[in-house]
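Below is one structure, written out as structure tokens, with a few remarks after it.
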Amino acid sequence: ATRAALARVCASPGPPAPLCRTLSHGIRAAVLHYSMIRPGDRVLVGLSGGKDSMTLLLQLLRLQAVAPVWFEVGAVTVDPGSAAYDPRPLIPYLESLGVPYLYEEQAIMAQALEAECTSICAFCSRMKRGRIYHAARREGYNVLAMGQHLDDMAESFLMSVFHNGRLRTMKANYTVKEDDLRVIRPFAFVREKSLREFAEK
């Protein structure tokens, strides 16, 4: 199924070759530097439908074709039940690619209102991450690929410095405390402007 998806992605009209090479170089550099993908890994992409996660999915499919090791690629979306966000159009799109797709529904927004959270965004983020972890474990995936890029990491660093007085940011590759899932960010060396240009082109 993944090979069929890759064939459709590579055969479709896409952005200019130099831009694809820029993204491919950035991903390969991060994957090699942080040992993100290992032989036999089952990689699950957290897919929101935005430019970052969509580009990550397509780039991982391209990487899969040339990588010296075999790994699987799937995707997961959490629908939080918000009127402002409808990810359902992703269902037929992922079906057309032939990529294994987990569509998880949970009334997170309603739960946040009931809990009277001080920060709905923080509550939603934690709940979505928990649902993604659960889906990955249920379906046998051992790696979660997230779409945060270099700009996100820089912003996270500055927020941590100014708000908490700590020199830290998001990690490019780490294992969760249960020691059964790794979280990777293959765009750790990629600037947001490249992802925006890829989506637009």
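Please note that chains go A, B, ... in the order of the structure tokens, that every chain numbers its residues from 1, and that ligands are numbered from 1 in the order shown.
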message: So that I can see what lies close to Val176 (chain A), please list as JSON, numbers by chain the residues with an atom at most 12 Å from it, counting only C-alpha atoms and leaving out residues fewer than 5 positions away in the same chain.
response: {"A": [129, 130, 133, 142, 143, 144, 171, 181, 182, 183, 184]}
task: Show which residues sit within 12 Å of Gly40 (chain A), as a PyMOL selection string. Count only C-alpha atoms, and ignore same-chain residues fewer than 5 positions away.
output: chain A and resi 64+67-73+140-143
message: Could you check the closest approach to Thr77 (chain A) for each of A:Met127, A:Ala65, A:Ala112, A:Ile132 and tell me which residue wins, using only C-alpha atoms?
response: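 Going through A:Met127, A:Ala65, A:Ala112, A:Ile132 one by one, the smallest distance to Thr77 (chain A) is for A:Ile132.
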Which residues of region 113-184 of chain A come within 12 Å of region 18-30 of chain A, and for each one, what is the closest pair of atoms and their distance in Å to one decimal, counting only C-alpha atoms, sorted by chain and residue number, as CSV?
```
residue,atom,partner,partner_atom,distance
A:Ala145,CA,A:Ile27,CA,11.7
A:Gly147,CA,A:Ile27,CA,11.2
A:His149,CA,A:Ile27,CA,10.3
A:Leu150,CA,A:Gly26,CA,10.2
A:Lys171,CA,A:Ala30,CA,11.8
A:Ala172,CA,A:Ala30,CA,8.2
A:Asn173,CA,A:Ala30,CA,9.5
A:Ile184,CA,A:Ala30,CA,9.6
```
Using only C-alpha atoms, what does the table of region 119-187 of chain A residues within 10 Å of region 98-105 of chain A look like, with each row giving the shortest atom pair and its distance in Å to one decimal, sorted by chain and ascending number, as a tab-separated table?
```
residue	atom	partner	partner_atom	distance
A:Lys128	CA	A:Glu104	CA	9.4
A:Arg131	CA	A:Glu104	CA	7.6
A:Ile132	CA	A:Glu104	CA	8.2
A:Ala135	CA	A:Leu102	CA	7.5
A:Ala136	CA	A:Leu102	CA	9.0
A:Glu139	CA	A:Leu102	CA	8.9
```
- request: Determine the nearest neighbour of Arg138 (chain A) from the options A:Leu44, A:Leu56, A:Leu94, A:Met153, counting only C-alpha atoms.
  value: A:Leu44
message: What's the separation between CA of Pro16 (chain A) and CA of Val76 (chain A), in Å to one decimal place?
response: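 It comes out at 27.9 Å.
We find CA of Met36 (chain A) and CA of Glu200 (chain A) to be spaced 27.5 Å apart.
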task: Write out as a PyMOL selection string all residues of chain A that DSSP puts in strand (DSSP E) for this structure's backbone.
output: chain A and resi 42-46+72-79+101-105+143-145+173-175+182-184
field: Near-Gly49 (chain A) list (9 Å; only C-alpha atoms; drop same-chain fewer than 4 positions) as number ranges by chain
entry: A: 53-54, 77, 87, 89-90
message: Here is a test: counting only C-alpha atoms, which residue of A:Ala115, A:Leu47, A:Met170, A:Ala188 is nearest to Ile91 (chain A)?
response: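 Among the listed residues, the smallest separation from Ile91 (chain A) belongs to A:Leu47.
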query: Which is closest to Ala110 (chain A) among A:Thr169, A:Pro15, A:Pro186, A:Gly81, if we use only C-alpha atoms?
result: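 Smallest distance to Ala110 (chain A) is found for A:Gly81.
Taking CA of Pro80 (chain A) and CA of Ser48 (chain A) as the two end points, the separation is 11.0 Å.
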Once DSSP has gone over the backbone, tell me which residues of region 3-182 of chain A are in helix (DSSP H, G or I), as a tab-separated table (two decimals) with N, CA and C atoms, in the first residue's frame.
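What landed in part_35.tsv:
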```tsv
chain	number	residue	atom	x	y	z
A	3	ARG	N	3.96	1.55	-1.14
A	3	ARG	CA	4.63	1.69	-2.45
A	3	ARG	C	3.66	2.30	-3.47
A	4	ALA	N	2.39	1.87	-3.42
A	4	ALA	CA	1.40	2.41	-4.34
A	4	ALA	C	1.18	3.90	-4.07
A	5	ALA	N	1.16	4.29	-2.79
A	5	ALA	CA	1.00	5.70	-2.44
A	5	ALA	C	2.18	6.51	-2.97
A	6	LEU	N	3.38	5.98	-2.81
A	6	LEU	CA	4.57	6.68	-3.27
A	6	LEU	C	4.54	6.88	-4.78
A	7	ALA	N	4.10	5.86	-5.50
A	7	ALA	CA	4.03	5.96	-6.96
A	7	ALA	C	3.08	7.08	-7.37
A	8	ARG	N	1.95	7.19	-6.68
A	8	ARG	CA	0.99	8.24	-7.02
A	8	ARG	C	1.54	9.63	-6.67
A	9	VAL	N	2.24	9.73	-5.54
A	9	VAL	CA	2.82	11.02	-5.14
A	9	VAL	C	3.88	11.47	-6.14
A	10	CYS	N	4.76	10.56	-6.52
A	10	CYS	CA	5.87	10.91	-7.42
A	10	CYS	C	5.39	11.18	-8.85
A	11	ALA	N	4.27	10.57	-9.23
A	11	ALA	CA	3.77	10.75	-10.60
A	11	ALA	C	2.95	12.02	-10.74
A	17	ALA	N	11.78	21.07	-8.74
A	17	ALA	CA	12.77	20.12	-8.24
A	17	ALA	C	13.75	20.73	-7.23
A	18	PRO	N	14.24	21.97	-7.44
A	18	PRO	CA	15.17	22.53	-6.44
A	18	PRO	C	14.56	22.63	-5.04
A	19	LEU	N	13.27	22.96	-4.97
A	19	LEU	CA	12.60	23.05	-3.67
A	19	LEU	C	12.49	21.67	-3.04
A	20	CYS	N	12.15	20.66	-3.85
A	20	CYS	CA	12.06	19.29	-3.33
A	20	CYS	C	13.42	18.84	-2.81
A	21	ARG	N	14.49	19.23	-3.51
A	21	ARG	CA	15.83	18.84	-3.07
A	21	ARG	C	16.18	19.52	-1.74
A	22	THR	N	15.75	20.77	-1.57
A	22	THR	CA	16.00	21.48	-0.31
A	22	THR	C	15.35	20.77	0.86
A	23	LEU	N	14.08	20.39	0.68
A	23	LEU	CA	13.37	19.69	1.74
A	23	LEU	C	13.97	18.31	1.98
A	24	SER	N	14.27	17.59	0.91
A	24	SER	CA	14.84	16.25	1.05
A	24	SER	C	16.17	16.30	1.78
A	25	HIS	N	17.00	17.29	1.44
A	25	HIS	CA	18.31	17.43	2.10
A	25	HIS	C	18.12	17.70	3.59
A	26	GLY	N	17.18	18.59	3.92
A	26	GLY	CA	16.94	18.92	5.32
A	26	GLY	C	16.47	17.72	6.13
A	27	ILE	N	15.53	16.96	5.55
A	27	ILE	CA	15.02	15.78	6.25
A	27	ILE	C	16.11	14.73	6.41
A	28	ARG	N	16.83	14.45	5.35
A	28	ARG	CA	17.88	13.43	5.43
A	28	ARG	C	18.94	13.80	6.45
A	29	ALA	N	19.31	15.10	6.49
A	29	ALA	CA	20.32	15.54	7.45
A	29	ALA	C	19.84	15.31	8.88
A	30	ALA	N	18.58	15.64	9.16
A	30	ALA	CA	18.04	15.46	10.51
A	30	ALA	C	17.90	13.98	10.86
A	31	VAL	N	17.40	13.19	9.91
A	31	VAL	CA	17.21	11.75	10.14
A	31	VAL	C	18.54	11.08	10.44
A	32	LEU	N	19.58	11.44	9.70
A	32	LEU	CA	20.90	10.84	9.93
A	32	LEU	C	21.52	11.35	11.22
A	33	HIS	N	21.45	12.66	11.45
A	33	HIS	CA	22.09	13.26	12.62
A	33	HIS	C	21.51	12.73	13.93
A	51	LYS	N	-0.09	22.77	6.34
A	51	LYS	CA	1.04	22.67	5.40
A	51	LYS	C	2.19	21.83	5.95
A	52	ASP	N	2.46	21.94	7.24
A	52	ASP	CA	3.62	21.25	7.81
A	52	ASP	C	3.42	19.73	7.82
A	53	SER	N	2.30	19.29	8.36
A	53	SER	CA	2.08	17.84	8.47
A	53	SER	C	1.83	17.19	7.11
A	54	MET	N	1.15	17.90	6.21
A	54	MET	CA	0.90	17.34	4.87
A	54	MET	C	2.22	17.19	4.11
A	55	THR	N	3.07	18.22	4.21
A	55	THR	CA	4.37	18.16	3.54
A	55	THR	C	5.22	17.04	4.14
A	56	LEU	N	5.15	16.88	5.47
A	56	LEU	CA	5.92	15.81	6.12
A	56	LEU	C	5.52	14.44	5.59
A	57	LEU	N	4.23	14.21	5.46
A	57	LEU	CA	3.77	12.91	4.96
A	57	LEU	C	4.32	12.64	3.57
A	58	LEU	N	4.21	13.63	2.67
A	58	LEU	CA	4.67	13.43	1.30
A	58	LEU	C	6.19	13.26	1.25
A	59	GLN	N	6.92	14.01	2.05
A	59	GLN	CA	8.38	13.90	2.05
A	59	GLN	C	8.85	12.57	2.64
A	60	LEU	N	8.14	12.06	3.63
A	60	LEU	CA	8.53	10.75	4.18
A	60	LEU	C	8.28	9.64	3.16
A	61	LEU	N	7.23	9.78	2.36
A	61	LEU	CA	6.98	8.80	1.30
A	61	LEU	C	8.10	8.84	0.26
A	62	ARG	N	8.57	10.04	-0.05
A	62	ARG	CA	9.68	10.17	-1.00
A	62	ARG	C	10.97	9.60	-0.39
A	63	LEU	N	11.20	9.88	0.88
A	63	LEU	CA	12.39	9.35	1.55
A	63	LEU	C	12.38	7.84	1.57
A	64	GLN	N	11.21	7.29	1.76
A	64	GLN	CA	11.07	5.83	1.83
A	64	GLN	C	11.58	5.16	0.56
A	65	ALA	N	11.43	5.85	-0.57
A	65	ALA	CA	11.83	5.26	-1.85
A	65	ALA	C	13.34	5.15	-2.01
A	66	VAL	N	14.09	6.00	-1.31
A	66	VAL	CA	15.54	6.03	-1.52
A	66	VAL	C	16.32	5.65	-0.27
A	90	LEU	N	-9.68	14.85	4.73
A	90	LEU	CA	-8.45	14.06	4.69
A	90	LEU	C	-8.74	12.58	4.44
A	91	ILE	N	-9.93	12.13	4.81
A	91	ILE	CA	-10.25	10.70	4.69
A	91	ILE	C	-10.17	10.23	3.24
A	92	PRO	N	-10.90	10.88	2.28
A	92	PRO	CA	-10.77	10.43	0.89
A	92	PRO	C	-9.39	10.69	0.29
A	93	TYR	N	-8.72	11.76	0.75
A	93	TYR	CA	-7.38	12.05	0.22
A	93	TYR	C	-6.40	10.95	0.59
A	94	LEU	N	-6.38	10.54	1.86
A	94	LEU	CA	-5.47	9.47	2.28
A	94	LEU	C	-5.86	8.15	1.63
A	95	GLU	N	-7.14	7.95	1.41
A	95	GLU	CA	-7.59	6.73	0.72
A	95	GLU	C	-7.06	6.72	-0.71
A	96	SER	N	-7.07	7.90	-1.37
A	96	SER	CA	-6.56	7.97	-2.74
A	96	SER	C	-5.07	7.70	-2.81
A	97	LEU	N	-4.34	8.06	-1.74
A	97	LEU	CA	-2.91	7.78	-1.69
A	97	LEU	C	-2.63	6.32	-1.35
A	108	ILE	N	-13.17	16.43	22.34
A	108	ILE	CA	-12.22	17.12	23.21
A	108	ILE	C	-12.71	18.52	23.56
A	109	MET	N	-13.29	19.21	22.60
A	109	MET	CA	-13.77	20.57	22.87
A	109	MET	C	-14.86	20.57	23.93
A	110	ALA	N	-15.77	19.62	23.84
A	110	ALA	CA	-16.84	19.53	24.84
A	110	ALA	C	-16.26	19.21	26.21
A	111	GLN	N	-15.25	18.34	26.24
A	111	GLN	CA	-14.60	18.00	27.51
A	111	GLN	C	-13.90	19.22	28.11
A	112	ALA	N	-13.29	20.02	27.25
A	112	ALA	CA	-12.59	21.22	27.73
A	112	ALA	C	-13.56	22.22	28.34
A	113	LEU	N	-14.74	22.37	27.72
A	113	LEU	CA	-15.74	23.29	28.25
A	113	LEU	C	-16.30	22.80	29.58
A	114	GLU	N	-16.50	21.49	29.67
A	114	GLU	CA	-17.00	20.92	30.93
A	114	GLU	C	-15.98	21.08	32.06
A	115	ALA	N	-14.70	20.95	31.72
A	115	ALA	CA	-13.66	21.04	32.73
A	115	ALA	C	-13.33	22.49	33.10
A	120	ILE	N	-7.78	26.30	26.85
A	120	ILE	CA	-8.37	25.25	26.02
A	120	ILE	C	-7.31	24.67	25.08
A	121	CYS	N	-6.43	25.52	24.57
A	121	CYS	CA	-5.39	25.05	23.64
A	121	CYS	C	-4.48	24.01	24.31
A	122	ALA	N	-4.06	24.30	25.54
A	122	ALA	CA	-3.18	23.37	26.25
A	122	ALA	C	-3.91	22.06	26.55
A	123	PHE	N	-5.18	22.17	26.96
A	123	PHE	CA	-5.98	20.97	27.25
A	123	PHE	C	-6.15	20.13	25.99
A	124	CYS	N	-6.49	20.78	24.89
A	124	CYS	CA	-6.71	20.08	23.62
A	124	CYS	C	-5.42	19.40	23.16
A	125	SER	N	-4.30	20.10	23.29
A	125	SER	CA	-3.02	19.54	22.87
A	125	SER	C	-2.68	18.27	23.65
A	126	ARG	N	-2.88	18.32	24.97
A	126	ARG	CA	-2.59	17.14	25.81
A	126	ARG	C	-3.50	15.97	25.46
A	127	MET	N	-4.79	16.26	25.28
A	127	MET	CA	-5.75	15.21	24.97
A	127	MET	C	-5.48	14.59	23.60
A	128	LYS	N	-5.16	15.42	22.62
A	128	LYS	CA	-4.86	14.91	21.28
A	128	LYS	C	-3.61	14.06	21.29
A	129	ARG	N	-2.59	14.50	22.04
A	129	ARG	CA	-1.36	13.72	22.10
A	129	ARG	C	-1.62	12.36	22.74
A	130	GLY	N	-2.43	12.33	23.80
A	130	GLY	CA	-2.77	11.06	24.44
A	130	GLY	C	-3.52	10.13	23.50
A	131	ARG	N	-4.43	10.69	22.70
A	131	ARG	CA	-5.19	9.86	21.76
A	131	ARG	C	-4.29	9.32	20.65
A	132	ILE	N	-3.34	10.13	20.21
A	132	ILE	CA	-2.40	9.69	19.19
A	132	ILE	C	-1.52	8.56	19.73
A	133	TYR	N	-1.03	8.71	20.97
A	133	TYR	CA	-0.22	7.65	21.58
A	133	TYR	C	-1.02	6.35	21.65
A	134	HIS	N	-2.28	6.47	22.07
A	134	HIS	CA	-3.13	5.29	22.20
A	134	HIS	C	-3.32	4.61	20.83
A	135	ALA	N	-3.58	5.40	19.80
A	135	ALA	CA	-3.80	4.85	18.46
A	135	ALA	C	-2.54	4.16	17.94
A	136	ALA	N	-1.38	4.79	18.18
A	136	ALA	CA	-0.12	4.20	17.72
A	136	ALA	C	0.13	2.85	18.39
A	137	ARG	N	-0.09	2.79	19.69
A	137	ARG	CA	0.12	1.53	20.41
A	137	ARG	C	-0.88	0.47	19.96
A	138	ARG	N	-2.10	0.86	19.76
A	138	ARG	CA	-3.15	-0.08	19.35
A	138	ARG	C	-2.84	-0.71	18.00
A	139	GLU	N	-2.27	0.09	17.08
A	139	GLU	CA	-2.02	-0.39	15.72
A	139	GLU	C	-0.59	-0.86	15.49
A	150	LEU	N	12.16	24.02	12.17
A	150	LEU	CA	13.22	24.77	12.85
A	150	LEU	C	12.69	26.05	13.49
A	151	ASP	N	11.79	26.75	12.80
A	151	ASP	CA	11.23	27.99	13.36
A	151	ASP	C	10.43	27.69	14.63
A	152	ASP	N	9.68	26.59	14.63
A	152	ASP	CA	8.92	26.20	15.84
A	152	ASP	C	9.87	25.96	17.00
A	153	MET	N	10.98	25.30	16.73
A	153	MET	CA	11.93	24.99	17.78
A	153	MET	C	12.58	26.26	18.33
A	154	ALA	N	12.87	27.22	17.44
A	154	ALA	CA	13.45	28.48	17.88
A	154	ALA	C	12.45	29.25	18.74
A	155	GLU	N	11.19	29.27	18.32
A	155	GLU	CA	10.16	29.96	19.10
A	155	GLU	C	9.95	29.30	20.45
A	156	SER	N	9.97	27.97	20.46
A	156	SER	CA	9.82	27.23	21.71
A	156	SER	C	10.96	27.56	22.68
A	157	PHE	N	12.17	27.69	22.14
A	157	PHE	CA	13.33	28.03	22.96
A	157	PHE	C	13.16	29.42	23.59
A	158	LEU	N	12.77	30.39	22.78
A	158	LEU	CA	12.61	31.76	23.29
A	158	LEU	C	11.48	31.85	24.32
A	159	MET	N	10.39	31.13	24.08
A	159	MET	CA	9.29	31.13	25.05
A	159	MET	C	9.74	30.53	26.37
A	160	SER	N	10.53	29.45	26.29
A	160	SER	CA	11.01	28.81	27.51
A	160	SER	C	11.95	29.74	28.28
A	161	VAL	N	12.80	30.46	27.55
A	161	VAL	CA	13.75	31.38	28.19
A	161	VAL	C	13.01	32.53	28.88
A	162	PHE	N	12.10	33.17	28.15
A	162	PHE	CA	11.46	34.37	28.68
A	162	PHE	C	10.34	34.09	29.68
A	163	HIS	N	9.65	32.98	29.52
A	163	HIS	CA	8.53	32.68	30.41
A	163	HIS	C	8.91	31.80	31.60
A	164	ASN	N	9.90	30.91	31.38
A	164	ASN	CA	10.26	29.96	32.45
A	164	ASN	C	11.70	30.07	32.92
```
